[in-house]
Every structure is written in structure tokens, then in C-alpha cells.
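Text of data-v2.pdb (PDB, C-alpha atoms) as supplied:
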```pdb
ATOM      1  CA  MET Z   1      40.443 -26.850  12.720
ATOM      2  CA  GLN Z   2      41.407 -29.721  10.459
ATOM      3  CA  GLU Z   3      44.973 -30.933  10.390
ATOM      4  CA  LEU Z   4      46.933 -32.149   7.391
ATOM      5  CA  VAL Z   5      46.095 -35.864   7.095
ATOM      6  CA  HIS Z   6      49.629 -36.535   5.850
ATOM      7  CA  HIS Z   7      50.965 -34.959   9.071
ATOM      8  CA  THR Z   8      48.583 -36.981  11.258
ATOM      9  CA  ILE Z   9      49.769 -40.210   9.628
ATOM     10  CA  GLN Z  10      53.380 -39.161  10.133
ATOM     11  CA  LYS Z  11      52.741 -38.461  13.840
ATOM     12  CA  ILE Z  12      51.001 -41.819  14.322
ATOM     13  CA  GLN Z  13      53.963 -43.547  12.629
ATOM     14  CA  GLU Z  14      56.320 -41.763  15.065
ATOM     15  CA  LEU Z  15      54.171 -42.971  17.967
ATOM     16  CA  PHE Z  16      54.311 -46.504  16.553
ATOM     17  CA  GLN Z  17      58.126 -46.326  16.421
ATOM     18  CA  LYS Z  18      58.289 -45.281  20.073
ATOM     19  CA  PHE Z  19      55.730 -47.933  21.004
ATOM     20  CA  ASN Z  20      57.788 -50.602  19.231
ATOM     21  CA  LYS Z  21      60.814 -49.619  21.346
ATOM     22  CA  VAL Z  22      58.674 -50.021  24.465
ATOM     23  CA  GLN Z  23      57.542 -53.444  23.262
ATOM     24  CA  GLU Z  24      61.182 -54.443  22.724
ATOM     25  CA  LEU Z  25      61.908 -53.460  26.337
ATOM     26  CA  TYR Z  26      59.001 -55.627  27.468
ATOM     27  CA  LEU Z  27      60.264 -58.552  25.408
ATOM     28  CA  SER Z  28      63.755 -58.275  26.897
ATOM     29  CA  LYS Z  29      62.275 -57.901  30.426
ATOM     30  CA  SER Z  30      64.220 -54.685  30.817
ATOM     31  CA  PHE Z  31      64.052 -52.711  34.043
ATOM     32  CA  ASP Z  32      63.557 -49.626  31.856
ATOM     33  CA  PHE Z  33      60.230 -50.941  30.588
ATOM     34  CA  ASP Z  34      57.995 -49.479  33.292
ATOM     35  CA  GLY Z  35      59.410 -45.964  33.012
ATOM     36  CA  GLN Z  36      59.496 -45.969  29.214
ATOM     37  CA  PHE Z  37      55.954 -47.323  28.922
ATOM     38  CA  GLU Z  38      54.674 -44.717  31.359
ATOM     39  CA  ALA Z  39      56.477 -41.957  29.434
ATOM     40  CA  PHE Z  40      55.016 -43.227  26.175
ATOM     41  CA  LEU Z  41      51.507 -43.336  27.633
ATOM     42  CA  HIS Z  42      51.844 -39.725  28.824
ATOM     43  CA  GLU Z  43      53.068 -38.609  25.382
ATOM     44  CA  PHE Z  44      50.251 -40.484  23.657
ATOM     45  CA  LEU Z  45      47.713 -39.004  26.074
ATOM     46  CA  GLU Z  46      48.965 -35.467  25.386
ATOM     47  CA  TYR Z  47      48.741 -36.062  21.646
ATOM     48  CA  LEU Z  48      45.149 -37.267  21.994
ATOM     49  CA  LYS Z  49      44.292 -34.205  24.094
ATOM     50  CA  THR Z  50      45.654 -31.867  21.403
ATOM     51  CA  LYS Z  51      43.621 -33.753  18.777
ATOM     52  CA  GLY Z  52      40.488 -33.586  20.925
ATOM     53  CA  ASN Z  53      40.022 -37.361  20.693
ATOM     54  CA  THR Z  54      38.252 -37.898  24.016
ATOM     55  CA  THR Z  55      37.262 -41.505  23.291
ATOM     56  CA  CYS Z  56      40.853 -42.671  22.810
ATOM     57  CA  GLU Z  57      41.993 -40.351  25.588
ATOM     58  CA  SER Z  58      39.594 -42.124  27.956
ATOM     59  CA  GLU Z  59      40.918 -45.522  26.872
ATOM     60  CA  VAL Z  60      44.541 -44.478  27.539
ATOM     61  CA  LEU Z  61      43.576 -43.111  30.952
ATOM     62  CA  LYS Z  62      41.827 -46.410  31.717
ATOM     63  CA  VAL Z  63      45.024 -48.312  30.826
ATOM     64  CA  MET Z  64      47.147 -45.950  32.940
ATOM     65  CA  ASN Z  65      44.811 -46.315  35.920
ATOM     66  CA  MET Z  66      44.798 -50.099  35.622
ATOM     67  CA  ILE Z  67      48.611 -50.281  35.670
ATOM     68  CA  SER Z  68      48.813 -47.764  38.505
ATOM     69  CA  THR Z  69      46.357 -49.812  40.566
ATOM     70  CA  VAL Z  70      48.402 -52.985  40.082
ATOM     71  CA  LYS Z  71      51.607 -51.141  41.033
ATOM     72  CA  ARG Z  72      49.921 -50.135  44.302
ATOM     73  CA  GLY Z  73      49.304 -53.788  45.062
ATOM     74  CA  PHE Z  74      45.638 -54.154  44.118
ATOM     75  CA  ASN Z  75      44.210 -56.432  41.436
ATOM     76  CA  PRO Z  76      41.527 -54.396  39.619
ATOM     77  CA  VAL Z  77      39.981 -57.485  38.002
ATOM     78  CA  GLN Z  78      39.504 -59.555  41.139
ATOM     79  CA  MET Z  79      39.045 -56.460  43.329
ATOM     80  CA  GLU Z  80      41.436 -57.701  45.992
ATOM     81  CA  LYS Z  81      44.848 -56.939  47.401
ATOM     82  CA  ILE Z  82      47.742 -58.715  45.701
ATOM     83  CA  THR Z  83      49.418 -60.998  48.217
ATOM     84  CA  ASN Z  84      52.072 -62.663  46.055
ATOM     85  CA  ALA Z  85      53.522 -62.556  42.527
ATOM     86  CA  LYS Z  86      52.903 -58.820  42.250
ATOM     87  CA  ARG Z  87      55.582 -58.353  39.583
ATOM     88  CA  GLU Z  88      54.184 -61.153  37.393
ATOM     89  CA  LEU Z  89      50.698 -59.703  37.676
ATOM     90  CA  GLN Z  90      52.045 -56.276  36.743
ATOM     91  CA  TRP Z  91      53.746 -57.740  33.642
ATOM     92  CA  GLY Z  92      50.476 -59.435  32.691
ATOM     93  CA  PHE Z  93      48.525 -56.210  33.024
ATOM     94  CA  SER Z  94      51.238 -54.366  31.094
ATOM     95  CA  PHE Z  95      50.881 -56.872  28.274
ATOM     96  CA  SER Z  96      47.121 -56.328  28.229
ATOM     97  CA  ALA Z  97      47.689 -52.576  28.241
ATOM     98  CA  MET Z  98      50.075 -52.799  25.287
ATOM     99  CA  GLU Z  99      47.471 -54.775  23.358
ATOM    100  CA  SER Z 100      44.921 -52.008  23.980
ATOM    101  CA  ILE Z 101      47.346 -49.259  22.965
ATOM    102  CA  HIS Z 102      48.356 -51.157  19.822
ATOM    103  CA  GLY Z 103      44.686 -51.452  18.888
ATOM    104  CA  LEU Z 104      44.150 -47.707  19.346
ATOM    105  CA  LEU Z 105      47.188 -46.761  17.277
ATOM    106  CA  THR Z 106      46.235 -49.200  14.523
ATOM    107  CA  GLU Z 107      42.659 -47.935  14.429
ATOM    108  CA  MET Z 108      43.792 -44.298  14.246
ATOM    109  CA  TYR Z 109      46.335 -45.048  11.505
ATOM    110  CA  ASN Z 110      43.872 -47.068   9.409
ATOM    111  CA  LYS Z 111      41.228 -44.346   9.669
ATOM    112  CA  GLU Z 112      43.594 -41.658   8.388
ATOM    113  CA  GLN Z 113      45.131 -43.873   5.699
ATOM    114  CA  LYS Z 114      41.655 -44.779   4.455
ATOM    115  CA  LYS Z 115      40.926 -41.077   3.895
ATOM    116  CA  LEU Z 116      44.043 -40.743   1.746
ATOM    117  CA  ASP Z 117      43.423 -43.973  -0.166
ATOM    118  CA  GLU Z 118      39.837 -43.019  -1.030
ATOM    119  CA  ALA Z 119      40.839 -39.499  -2.064
ATOM    120  CA  GLU Z 120      43.721 -40.833  -4.166
ATOM    121  CA  GLU Z 121      41.368 -43.209  -5.961
ATOM    122  CA  ILE Z 122      38.920 -40.404  -6.754
ATOM    123  CA  LEU Z 123      41.663 -38.025  -7.870
ATOM    124  CA  SER Z 124      43.411 -40.694  -9.955
ATOM    125  CA  GLY Z 125      40.206 -41.322 -11.880
ATOM    126  CA  LEU Z 126      39.720 -37.594 -12.373
ATOM    127  CA  ILE Z 127      43.304 -37.013 -13.562
ATOM    128  CA  VAL Z 128      43.075 -39.924 -16.019
ATOM    129  CA  SER Z 129      39.764 -38.541 -17.292
ATOM    130  CA  LEU Z 130      41.313 -35.079 -17.734
ATOM    131  CA  TYR Z 131      44.212 -36.696 -19.579
ATOM    132  CA  GLN Z 132      41.902 -38.695 -21.857
ATOM    133  CA  ASN Z 133      39.766 -35.640 -22.647
ATOM    134  CA  GLY Z 134      42.735 -33.472 -23.588
ATOM    135  CA  PHE Z 135      42.695 -31.119 -20.581
ATOM    136  CA  LEU Z 136      46.041 -32.582 -19.580
ATOM    137  CA  ASP Z 137      48.906 -33.609 -21.800
ATOM    138  CA  GLU Z 138      52.506 -34.666 -21.226
ATOM    139  CA  ASP Z 139      53.799 -31.093 -21.281
ATOM    140  CA  LYS Z 140      51.176 -29.847 -18.825
ATOM    141  CA  VAL Z 141      51.852 -32.785 -16.488
ATOM    142  CA  LYS Z 142      55.592 -32.036 -16.565
ATOM    143  CA  ASP Z 143      54.878 -28.355 -15.916
ATOM    144  CA  LEU Z 144      52.850 -29.184 -12.779
ATOM    145  CA  ASN Z 145      56.007 -29.911 -10.808
ATOM    146  CA  THR Z 146      55.407 -27.831  -7.680
ATOM    147  CA  ILE Z 147      52.613 -27.574  -5.136
ATOM    148  CA  PRO Z 148      51.885 -23.886  -5.963
ATOM    149  CA  LYS Z 149      51.463 -24.771  -9.670
ATOM    150  CA  ILE Z 150      49.229 -27.702  -8.757
ATOM    151  CA  GLU Z 151      47.176 -25.433  -6.499
ATOM    152  CA  ILE Z 152      46.637 -22.895  -9.302
ATOM    153  CA  PHE Z 153      45.730 -25.683 -11.737
ATOM    154  CA  TRP Z 154      43.320 -27.327  -9.282
ATOM    155  CA  ASN Z 155      41.627 -24.044  -8.367
ATOM    156  CA  SER Z 156      41.106 -23.218 -12.047
ATOM    157  CA  LEU Z 157      39.456 -26.628 -12.546
ATOM    158  CA  VAL Z 158      37.248 -26.132  -9.483
ATOM    159  CA  ASN Z 159      36.171 -22.669 -10.636
ATOM    160  CA  HIS Z 160      35.266 -23.777 -14.170
ATOM    161  CA  ASN Z 161      33.729 -27.224 -13.705
ATOM    162  CA  THR Z 162      30.791 -28.014 -11.417
ATOM    163  CA  GLN Z 163      31.583 -31.750 -11.296
ATOM    164  CA  ILE Z 164      35.117 -31.050 -10.108
ATOM    165  CA  LEU Z 165      33.715 -28.490  -7.669
ATOM    166  CA  GLY Z 166      31.518 -31.267  -6.251
ATOM    167  CA  ILE Z 167      34.496 -33.631  -5.995
ATOM    168  CA  ASN Z 168      36.500 -30.902  -4.274
ATOM    169  CA  LYS Z 169      33.723 -30.277  -1.737
ATOM    170  CA  LYS Z 170      33.378 -33.999  -1.020
ATOM    171  CA  LEU Z 171      37.112 -34.436  -0.471
ATOM    172  CA  ARG Z 172      37.355 -31.293   1.644
ATOM    173  CA  LEU Z 173      34.917 -32.834   4.123
ATOM    174  CA  SER Z 174      37.679 -35.191   5.265
ATOM    175  CA  MET Z 175      40.903 -33.301   4.488
ATOM    176  CA  ILE Z 176      42.383 -29.899   3.791
ATOM    177  CA  SER Z 177      43.420 -28.549   0.409
ATOM    178  CA  GLU Z 178      47.113 -29.192   1.030
ATOM    179  CA  ASP Z 179      46.363 -32.916   1.339
ATOM    180  CA  LEU Z 180      44.650 -32.794  -2.055
ATOM    181  CA  PHE Z 181      47.608 -31.016  -3.641
ATOM    182  CA  LEU Z 182      50.057 -33.578  -2.212
ATOM    183  CA  LEU Z 183      47.914 -36.414  -3.566
ATOM    184  CA  ILE Z 184      47.648 -34.784  -6.995
ATOM    185  CA  GLU Z 185      51.422 -34.351  -7.020
ATOM    186  CA  LYS Z 186      51.843 -38.050  -6.202
ATOM    187  CA  ILE Z 187      49.453 -39.037  -9.006
ATOM    188  CA  LEU Z 188      51.098 -36.736 -11.553
ATOM    189  CA  LEU Z 189      54.539 -38.140 -10.702
ATOM    190  CA  LYS Z 190      53.233 -41.566 -11.706
ATOM    191  CA  LEU Z 191      52.215 -40.191 -15.110
ATOM    192  CA  ILE Z 192      55.624 -38.769 -15.954
TER     193      ILE Z 192
END
```
What would you get if you wrote out this structure as C-alpha cells?
Amino acid sequence: MQELVHHTIQKIQELFQKFNKVQELYLSKSFDFDGQFEAFLHEFLEYLKTKGNTTCESEVLKVMNMISTVKRGFNPVQMEKITNAKRELQWGFSFSAMESIHGLLTEMYNKEQKKLDEAEEILSGLIVSLYQNGFLDEDKVKDLNTIPKIEIFWNSLVNHNTQILGINKKLRLSMISEDLFLLIEKILLKLI
């Protein structure tokens, strides 16, 4: 089942906020860093499990295992027991882990945002075309001030125009109808 792209972006932004707090703890060399980073990794892992993103899930597990191995006193890169400077090595591996997690979050965010940007571009062109061809006017735009009204308007366009039906089908491959309605609302607000 597809999820609202707007909601996915919001959740990734929340994860970024929590991750930034963890990074601040790392920067200040706080004793809370280890516990907070571990808690964040568990939350991120659970989110990925609910999304069914096994590739990213595997990457997070790899990071968690690497840090756990270092905490137990073993260097997973050199494949030998850590004899001295264990804490420094753990901080180094934590830094590497944060880089990996940042990359995953950024990749996920960019992927979802790209869906919205492409859909907004397509819908903007369509709305302008409808406006230029007289299907939309100032009064109609002002009247489309709620999502239910936009939904009725959009569905009437889809049912009566094969080109718009094709656009709808293309956009629905990457998002749900509610995402489309929110984007149309955003575009219409710019026209008022």
C-alpha cells in the first residue's frame, strides 16, 4: 500500500531533526551520545521495517553491528582485538556511522521530494493550460478552496479528458490521489 508522499517527507524531516540532535551530542563529546545514537538507530530501523525498505534496513543493521563490535573491543576493519585507545576508535567508527546514516536519510528525502517536484511541474503546466483554454477562471480558482472541491474538480477532468486521464495514471504510479490534491491546492493558491 502506498503512503502519502507528503507524510513520508514529513517523517524523514522528523528523523533528520532527531539525527541533528545526535550529531550535536557527538560534537560536544557528550556522554549521552552513545545512548542517544543507539536509540535513534533503533527508531530509524523500525521506520525502515514498516516501510519495507530492506536495502536501507540492511545498511542500518550493518552500522549497528559495526559499532557494537567496536564496543566489545574488536576492530572490525583490522579484524583484531583493540588493545588501546578503544574510546577514540569507537568515536571514529561512530563518525563513520553517522556519515552513512546521513547519506541514507538524504537519499530517501531526495527521492521523495523528486516525486513531488516532478508531479508539481506536470500539474502546474496542466493548470496553466486549463486556465489559458478557459476551463479555469479566477472565480473557479477561488472556489476550489478545499481538498474535497479539488477532488471533485480533478475527478471530473479525469473522467472527461483522455489526456488528463493519462497524466493522472502516470502520476498515480508514484503517489496517491491525496498527494495530487495537495499539489493542486498548492498550485491554485499561487494563482489567487
Got a sec: who's within 9 Å of Phe93 of chain Z, counting all atoms listed in the file, leaving out chain neighbours fewer than 2 positions off, as a PDB file with C-alpha atoms, in the frame of the given file?
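Output file selection05.pdb is given in full below:
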```
ATOM      1  CA  VAL Z  63      45.024 -48.312  30.826  1.00  0.00           C
ATOM      2  CA  MET Z  66      44.798 -50.099  35.622  1.00  0.00           C
ATOM      3  CA  ILE Z  67      48.611 -50.281  35.670  1.00  0.00           C
ATOM      4  CA  VAL Z  70      48.402 -52.985  40.082  1.00  0.00           C
ATOM      5  CA  GLU Z  88      54.184 -61.153  37.393  1.00  0.00           C
ATOM      6  CA  LEU Z  89      50.698 -59.703  37.676  1.00  0.00           C
ATOM      7  CA  GLN Z  90      52.045 -56.276  36.743  1.00  0.00           C
ATOM      8  CA  TRP Z  91      53.746 -57.740  33.642  1.00  0.00           C
ATOM      9  CA  PHE Z  95      50.881 -56.872  28.274  1.00  0.00           C
ATOM     10  CA  SER Z  96      47.121 -56.328  28.229  1.00  0.00           C
ATOM     11  CA  ALA Z  97      47.689 -52.576  28.241  1.00  0.00           C
ATOM     12  CA  MET Z  98      50.075 -52.799  25.287  1.00  0.00           C
TER      13      MET Z  98
END
```
For the file shown, what are the residues hit by the PyMOL selection byres ((chain Z and resi 115-126) around 7), laid out as a ChimeraX atom specification?
/Z:111-114,127-130,171,174,183-184,187
So that I have them on file, write out the residues from the current selection with C-alpha atoms, as a PDB file, keeping the file's coordinate frame.
```pdb
ATOM      1  CA  LYS Z 111      41.228 -44.346   9.669  1.00  0.00           C
ATOM      2  CA  GLU Z 112      43.594 -41.658   8.388  1.00  0.00           C
ATOM      3  CA  GLN Z 113      45.131 -43.873   5.699  1.00  0.00           C
ATOM      4  CA  LYS Z 114      41.655 -44.779   4.455  1.00  0.00           C
ATOM      5  CA  ILE Z 127      43.304 -37.013 -13.562  1.00  0.00           C
ATOM      6  CA  VAL Z 128      43.075 -39.924 -16.019  1.00  0.00           C
ATOM      7  CA  SER Z 129      39.764 -38.541 -17.292  1.00  0.00           C
ATOM      8  CA  LEU Z 130      41.313 -35.079 -17.734  1.00  0.00           C
ATOM      9  CA  LEU Z 171      37.112 -34.436  -0.471  1.00  0.00           C
ATOM     10  CA  SER Z 174      37.679 -35.191   5.265  1.00  0.00           C
ATOM     11  CA  LEU Z 183      47.914 -36.414  -3.566  1.00  0.00           C
ATOM     12  CA  ILE Z 184      47.648 -34.784  -6.995  1.00  0.00           C
ATOM     13  CA  ILE Z 187      49.453 -39.037  -9.006  1.00  0.00           C
TER      14      ILE Z 187
END
```
Distance atom CA of Ile152 of chain Z-atom CA of Ile176 of chain Z, one decimal place?
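Separating atom CA of Ile152 of chain Z from atom CA of Ile176 of chain Z is a distance of 15.4 Å.
Separating atom CA of Ser30 of chain Z from atom CA of Gly92 of chain Z is a distance of 14.7 Å.
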Evaluating the PyMOL selection byres ((chain Z and resi 153-165) around 10) on the displayed file yields which residues, as JSON, numbers by chain?
{"Z": [123, 126, 135, 140, 144, 147, 148, 149, 150, 151, 152, 166, 167, 168, 169, 170, 171, 177, 180, 181, 184]}
Selected residues, C-alpha atoms, written as a short mmCIF file (atom, residue, chain, number, x, y, z; two decimals), keeping the file's coordinate frame, please.
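Now in selection-v1.cif:
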```cif
data_model
loop_
_atom_site.label_atom_id
_atom_site.label_comp_id
_atom_site.auth_asym_id
_atom_site.auth_seq_id
_atom_site.Cartn_x
_atom_site.Cartn_y
_atom_site.Cartn_z
CA LEU Z 123 41.66 -38.02 -7.87
CA LEU Z 126 39.72 -37.59 -12.37
CA PHE Z 135 42.70 -31.12 -20.58
CA LYS Z 140 51.18 -29.85 -18.82
CA LEU Z 144 52.85 -29.18 -12.78
CA ILE Z 147 52.61 -27.57 -5.14
CA PRO Z 148 51.88 -23.89 -5.96
CA LYS Z 149 51.46 -24.77 -9.67
CA ILE Z 150 49.23 -27.70 -8.76
CA GLU Z 151 47.18 -25.43 -6.50
CA ILE Z 152 46.64 -22.90 -9.30
CA GLY Z 166 31.52 -31.27 -6.25
CA ILE Z 167 34.50 -33.63 -6.00
CA ASN Z 168 36.50 -30.90 -4.27
CA LYS Z 169 33.72 -30.28 -1.74
CA LYS Z 170 33.38 -34.00 -1.02
CA LEU Z 171 37.11 -34.44 -0.47
CA SER Z 177 43.42 -28.55 0.41
CA LEU Z 180 44.65 -32.79 -2.06
CA PHE Z 181 47.61 -31.02 -3.64
CA ILE Z 184 47.65 -34.78 -7.00
#
```
Contacts of Leu104 of chain Z at 10 Å (only C-alpha atoms; same-chain gap of 3+ positions) as a count of residues only
12
One number please: atom CA of Lys62 of chain Z to atom CA of Met79 of chain Z, in Å, one decimal.
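Straight-line distance from atom CA of Lys62 of chain Z to atom CA of Met79 of chain Z works out to 15.6 Å.
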Top pick for closest residue to Leu48 of chain Z, considering Z:Asn75, Z:Thr8, Z:Gln23, Z:Asn84 and counting all atoms listed in the file
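Closest to Leu48 of chain Z, using all atoms listed in the file: Z:Thr8.
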Counting all atoms listed in the file, the option among Z:Met64, Z:Thr55, Z:Lys21, Z:Leu27 closest to His42 of chain Z
Z:Met64
Kindly add N, CA, C and O atoms to the incomplete segment 132-154 of chain Z and provide the output as a PDB file, keeping the file's coordinate frame.
```pdb
ATOM      1  N   GLN Z 132      42.567 -38.096 -20.701  1.00  0.00           N
ATOM      2  CA  GLN Z 132      41.902 -38.695 -21.857  1.00  0.00           C
ATOM      3  C   GLN Z 132      41.111 -37.663 -22.654  1.00  0.00           C
ATOM      4  O   GLN Z 132      40.981 -37.772 -23.873  1.00  0.00           O
ATOM      5  N   ASN Z 133      40.570 -36.655 -21.977  1.00  0.00           N
ATOM      6  CA  ASN Z 133      39.766 -35.640 -22.647  1.00  0.00           C
ATOM      7  C   ASN Z 133      40.576 -34.437 -23.131  1.00  0.00           C
ATOM      8  O   ASN Z 133      40.003 -33.448 -23.590  1.00  0.00           O
ATOM      9  N   GLY Z 134      41.883 -34.509 -23.028  1.00  0.00           N
ATOM     10  CA  GLY Z 134      42.735 -33.472 -23.588  1.00  0.00           C
ATOM     11  C   GLY Z 134      42.964 -32.252 -22.707  1.00  0.00           C
ATOM     12  O   GLY Z 134      43.605 -31.301 -23.141  1.00  0.00           O
ATOM     13  N   PHE Z 135      42.443 -32.252 -21.486  1.00  0.00           N
ATOM     14  CA  PHE Z 135      42.695 -31.119 -20.581  1.00  0.00           C
ATOM     15  C   PHE Z 135      44.102 -31.180 -20.012  1.00  0.00           C
ATOM     16  O   PHE Z 135      44.651 -30.178 -19.579  1.00  0.00           O
ATOM     17  N   LEU Z 136      44.659 -32.367 -20.007  1.00  0.00           N
ATOM     18  CA  LEU Z 136      46.041 -32.582 -19.580  1.00  0.00           C
ATOM     19  C   LEU Z 136      46.787 -33.285 -20.694  1.00  0.00           C
ATOM     20  O   LEU Z 136      46.236 -34.149 -21.365  1.00  0.00           O
ATOM     21  N   ASP Z 137      48.029 -32.893 -20.882  1.00  0.00           N
ATOM     22  CA  ASP Z 137      48.906 -33.609 -21.800  1.00  0.00           C
ATOM     23  C   ASP Z 137      50.268 -33.759 -21.126  1.00  0.00           C
ATOM     24  O   ASP Z 137      50.477 -33.286 -20.021  1.00  0.00           O
ATOM     25  N   GLU Z 138      51.187 -34.396 -21.809  1.00  0.00           N
ATOM     26  CA  GLU Z 138      52.506 -34.666 -21.226  1.00  0.00           C
ATOM     27  C   GLU Z 138      53.203 -33.389 -20.790  1.00  0.00           C
ATOM     28  O   GLU Z 138      53.795 -33.329 -19.710  1.00  0.00           O
ATOM     29  N   ASP Z 139      53.126 -32.347 -21.613  1.00  0.00           N
ATOM     30  CA  ASP Z 139      53.799 -31.093 -21.281  1.00  0.00           C
ATOM     31  C   ASP Z 139      53.183 -30.435 -20.047  1.00  0.00           C
ATOM     32  O   ASP Z 139      53.911 -29.920 -19.184  1.00  0.00           O
ATOM     33  N   LYS Z 140      51.861 -30.445 -19.970  1.00  0.00           N
ATOM     34  CA  LYS Z 140      51.176 -29.847 -18.825  1.00  0.00           C
ATOM     35  C   LYS Z 140      51.501 -30.622 -17.543  1.00  0.00           C
ATOM     36  O   LYS Z 140      51.729 -30.025 -16.491  1.00  0.00           O
ATOM     37  N   VAL Z 141      51.526 -31.953 -17.646  1.00  0.00           N
ATOM     38  CA  VAL Z 141      51.852 -32.785 -16.488  1.00  0.00           C
ATOM     39  C   VAL Z 141      53.265 -32.479 -15.997  1.00  0.00           C
ATOM     40  O   VAL Z 141      53.503 -32.325 -14.798  1.00  0.00           O
ATOM     41  N   LYS Z 142      54.206 -32.349 -16.936  1.00  0.00           N
ATOM     42  CA  LYS Z 142      55.592 -32.036 -16.565  1.00  0.00           C
ATOM     43  C   LYS Z 142      55.699 -30.641 -15.954  1.00  0.00           C
ATOM     44  O   LYS Z 142      56.522 -30.405 -15.078  1.00  0.00           O
ATOM     45  N   ASP Z 143      54.858 -29.727 -16.430  1.00  0.00           N
ATOM     46  CA  ASP Z 143      54.878 -28.355 -15.916  1.00  0.00           C
ATOM     47  C   ASP Z 143      54.322 -28.271 -14.488  1.00  0.00           C
ATOM     48  O   ASP Z 143      54.688 -27.383 -13.730  1.00  0.00           O
ATOM     49  N   LEU Z 144      53.441 -29.190 -14.126  1.00  0.00           N
ATOM     50  CA  LEU Z 144      52.850 -29.184 -12.779  1.00  0.00           C
ATOM     51  C   LEU Z 144      53.802 -29.882 -11.799  1.00  0.00           C
ATOM     52  O   LEU Z 144      53.492 -30.908 -11.210  1.00  0.00           O
ATOM     53  N   ASN Z 145      54.961 -29.269 -11.601  1.00  0.00           N
ATOM     54  CA  ASN Z 145      56.007 -29.911 -10.808  1.00  0.00           C
ATOM     55  C   ASN Z 145      56.192 -29.315  -9.414  1.00  0.00           C
ATOM     56  O   ASN Z 145      57.110 -29.685  -8.696  1.00  0.00           O
ATOM     57  N   THR Z 146      55.337 -28.381  -9.022  1.00  0.00           N
ATOM     58  CA  THR Z 146      55.407 -27.831  -7.680  1.00  0.00           C
ATOM     59  C   THR Z 146      53.988 -27.720  -7.101  1.00  0.00           C
ATOM     60  O   THR Z 146      53.012 -27.646  -7.855  1.00  0.00           O
ATOM     61  N   ILE Z 147      53.912 -27.687  -5.805  1.00  0.00           N
ATOM     62  CA  ILE Z 147      52.613 -27.574  -5.136  1.00  0.00           C
ATOM     63  C   ILE Z 147      51.904 -26.268  -5.517  1.00  0.00           C
ATOM     64  O   ILE Z 147      50.694 -26.297  -5.797  1.00  0.00           O
ATOM     65  N   PRO Z 148      52.596 -25.113  -5.554  1.00  0.00           N
ATOM     66  CA  PRO Z 148      51.885 -23.886  -5.963  1.00  0.00           C
ATOM     67  C   PRO Z 148      51.286 -23.978  -7.377  1.00  0.00           C
ATOM     68  O   PRO Z 148      50.169 -23.507  -7.608  1.00  0.00           O
ATOM     69  N   LYS Z 149      51.997 -24.595  -8.314  1.00  0.00           N
ATOM     70  CA  LYS Z 149      51.463 -24.771  -9.670  1.00  0.00           C
ATOM     71  C   LYS Z 149      50.259 -25.705  -9.661  1.00  0.00           C
ATOM     72  O   LYS Z 149      49.277 -25.469 -10.368  1.00  0.00           O
ATOM     73  N   ILE Z 150      50.348 -26.757  -8.865  1.00  0.00           N
ATOM     74  CA  ILE Z 150      49.229 -27.702  -8.757  1.00  0.00           C
ATOM     75  C   ILE Z 150      48.026 -26.998  -8.139  1.00  0.00           C
ATOM     76  O   ILE Z 150      46.891 -27.196  -8.587  1.00  0.00           O
ATOM     77  N   GLU Z 151      48.268 -26.165  -7.145  1.00  0.00           N
ATOM     78  CA  GLU Z 151      47.176 -25.433  -6.499  1.00  0.00           C
ATOM     79  C   GLU Z 151      46.473 -24.513  -7.497  1.00  0.00           C
ATOM     80  O   GLU Z 151      45.232 -24.483  -7.559  1.00  0.00           O
ATOM     81  N   ILE Z 152      47.231 -23.794  -8.294  1.00  0.00           N
ATOM     82  CA  ILE Z 152      46.637 -22.895  -9.302  1.00  0.00           C
ATOM     83  C   ILE Z 152      45.833 -23.708 -10.313  1.00  0.00           C
ATOM     84  O   ILE Z 152      44.705 -23.351 -10.656  1.00  0.00           O
ATOM     85  N   PHE Z 153      46.408 -24.814 -10.775  1.00  0.00           N
ATOM     86  CA  PHE Z 153      45.730 -25.683 -11.737  1.00  0.00           C
ATOM     87  C   PHE Z 153      44.427 -26.228 -11.144  1.00  0.00           C
ATOM     88  O   PHE Z 153      43.371 -26.170 -11.787  1.00  0.00           O
ATOM     89  N   TRP Z 154      44.498 -26.747  -9.918  1.00  0.00           N
ATOM     90  CA  TRP Z 154      43.320 -27.327  -9.282  1.00  0.00           C
ATOM     91  C   TRP Z 154      42.232 -26.270  -9.085  1.00  0.00           C
ATOM     92  O   TRP Z 154      41.060 -26.518  -9.373  1.00  0.00           O
TER      93      TRP Z 154
END
```
